[in-house]
Amino acid sequence: MTRGLNKEFIFKSDKNKRLYLKYLLNHTNWDKTTILGYVVMENHFHMLVYTKSITAISKTMSSVNTRFAKYYNKSIDRTGYVFTGRFKAQPIVDRNHLFNCLTFW
């Protein structure tokens with residue numbers, strides 16, 4: 001999960017949502033990761049992934065969030081942080097947890 005600083009609506013436009021997804025889906029570190037589901041809301045983003053390497057996810061999310069933040073700040077003549085800290089990750093512990101995550105969105 002990644003959220004805008006101060007719950008700011010950074011994904012309020014479809015253009016911003018599409019661009020963030022483009023950055024995410026075109027990133028090069030997905031060789032050990034499968035995206036199972038995602039949802040982009042106005043002020044945050046959820047993604048459900050299967051991975052063999054948590055390091056790959058960390059590097060990817062850092063790169064994608066930095067790239068999007070640079071675009072976002074430039075597009076509205078803004079400076080500073082765009083996202084609230086680092087992305088948050090939670091392990092899925094069993095099949096029921098997985099299905100709850102997929103159907104919750």
# chains A, B, ... in the order shown; residues from 1 in each chain; ligands from 1
>>> select_by_dssp(residues="stretch 13-103 of chain A", states="helix (DSSP H, G or I)", output="PyMOL selection string")
chain A and resi 14-25+30-32+54-75+95-103
>>> residues_around(residues="stretch 97-104 of chain A", least_positions_apart="6", cutoff="12 Å", atoms="only C-alpha atoms", output="list in words")
Ile35, Leu36, Gly37, Tyr38, Val39, His46, Met47, Leu48, Val49, Tyr50, Gln90 and Pro91 of chain A
>>> residues_around(residues="stretch 56-61 of chain A", least_positions_apart="4", cutoff="12 Å", atoms="only C-alpha atoms", output="ChimeraX atom specification")
/A:1-2,20-21,23-35,45-52,65-69,83,85-89
>>> write_last_selection(atoms="C-alpha atoms", output="short mmCIF file (atom, residue, chain, number, x, y, z; two decimals), in the first residue's frame")
data_model
loop_
_atom_site.label_atom_id
_atom_site.label_comp_id
_atom_site.auth_asym_id
_atom_site.auth_seq_id
_atom_site.Cartn_x
_atom_site.Cartn_y
_atom_site.Cartn_z
CA MET A 1 0.00 0.00 0.00
CA THR A 2 1.20 3.49 -0.85
CA TYR A 20 1.39 5.31 -12.02
CA LEU A 21 0.23 1.92 -13.32
CA TYR A 23 5.45 3.04 -14.27
CA LEU A 24 4.60 0.07 -12.07
CA LEU A 25 3.82 -2.47 -14.78
CA ASN A 26 6.75 -1.49 -16.99
CA HIS A 27 9.34 -1.68 -14.24
CA THR A 28 12.16 -4.11 -14.81
CA ASN A 29 12.30 -5.85 -11.40
CA TRP A 30 9.20 -8.02 -11.88
CA ASP A 31 11.09 -11.18 -12.86
CA LYS A 32 10.52 -12.74 -9.42
CA THR A 33 7.11 -11.21 -8.76
CA THR A 34 3.55 -11.73 -10.00
CA ILE A 35 0.89 -9.03 -9.58
CA PHE A 45 -2.88 2.44 -4.01
CA HIS A 46 -3.16 -1.25 -3.03
CA MET A 47 -1.38 -4.09 -4.77
CA LEU A 48 -1.45 -7.81 -4.08
CA VAL A 49 1.67 -9.63 -5.25
CA TYR A 50 3.31 -13.02 -5.05
CA THR A 51 7.07 -12.85 -4.81
CA LYS A 52 10.13 -14.90 -4.12
CA ASN A 65 7.23 6.04 -6.27
CA THR A 66 10.26 8.27 -6.83
CA ARG A 67 9.61 8.46 -10.57
CA PHE A 68 5.92 9.26 -10.08
CA ALA A 69 6.69 11.84 -7.36
CA PHE A 83 3.96 9.79 -0.53
CA GLY A 85 6.93 7.38 3.94
CA ARG A 86 7.81 4.01 2.52
CA PHE A 87 5.20 1.67 1.08
CA LYS A 88 3.53 -0.72 3.53
CA ALA A 89 3.59 -4.48 3.06
#
>>> select_by_dssp(residues="chain A", states="strand (DSSP E or B)", output="list in words")
Thr2, Arg3, Gly4, Thr33, Thr34, Ile35, Leu36, Gly37, Tyr38, Val39, Val40, His44, Phe45, His46, Met47, Leu48, Val49, Tyr50, Thr51 and Phe83 of chain A
>>> atom_distance(atom1="atom CA of A:Glu42", atom2="atom CA of A:Thr55")
27.2 Å
>>> atom_distance(atom1="atom CA of A:Ser62", atom2="atom CA of A:Val93")
24.5 Å
>>> closest_residue(among="A:Lys7, A:Val64, A:Ile54, A:Met41", to="A:Lys22", atoms="only C-alpha atoms")
A:Val64
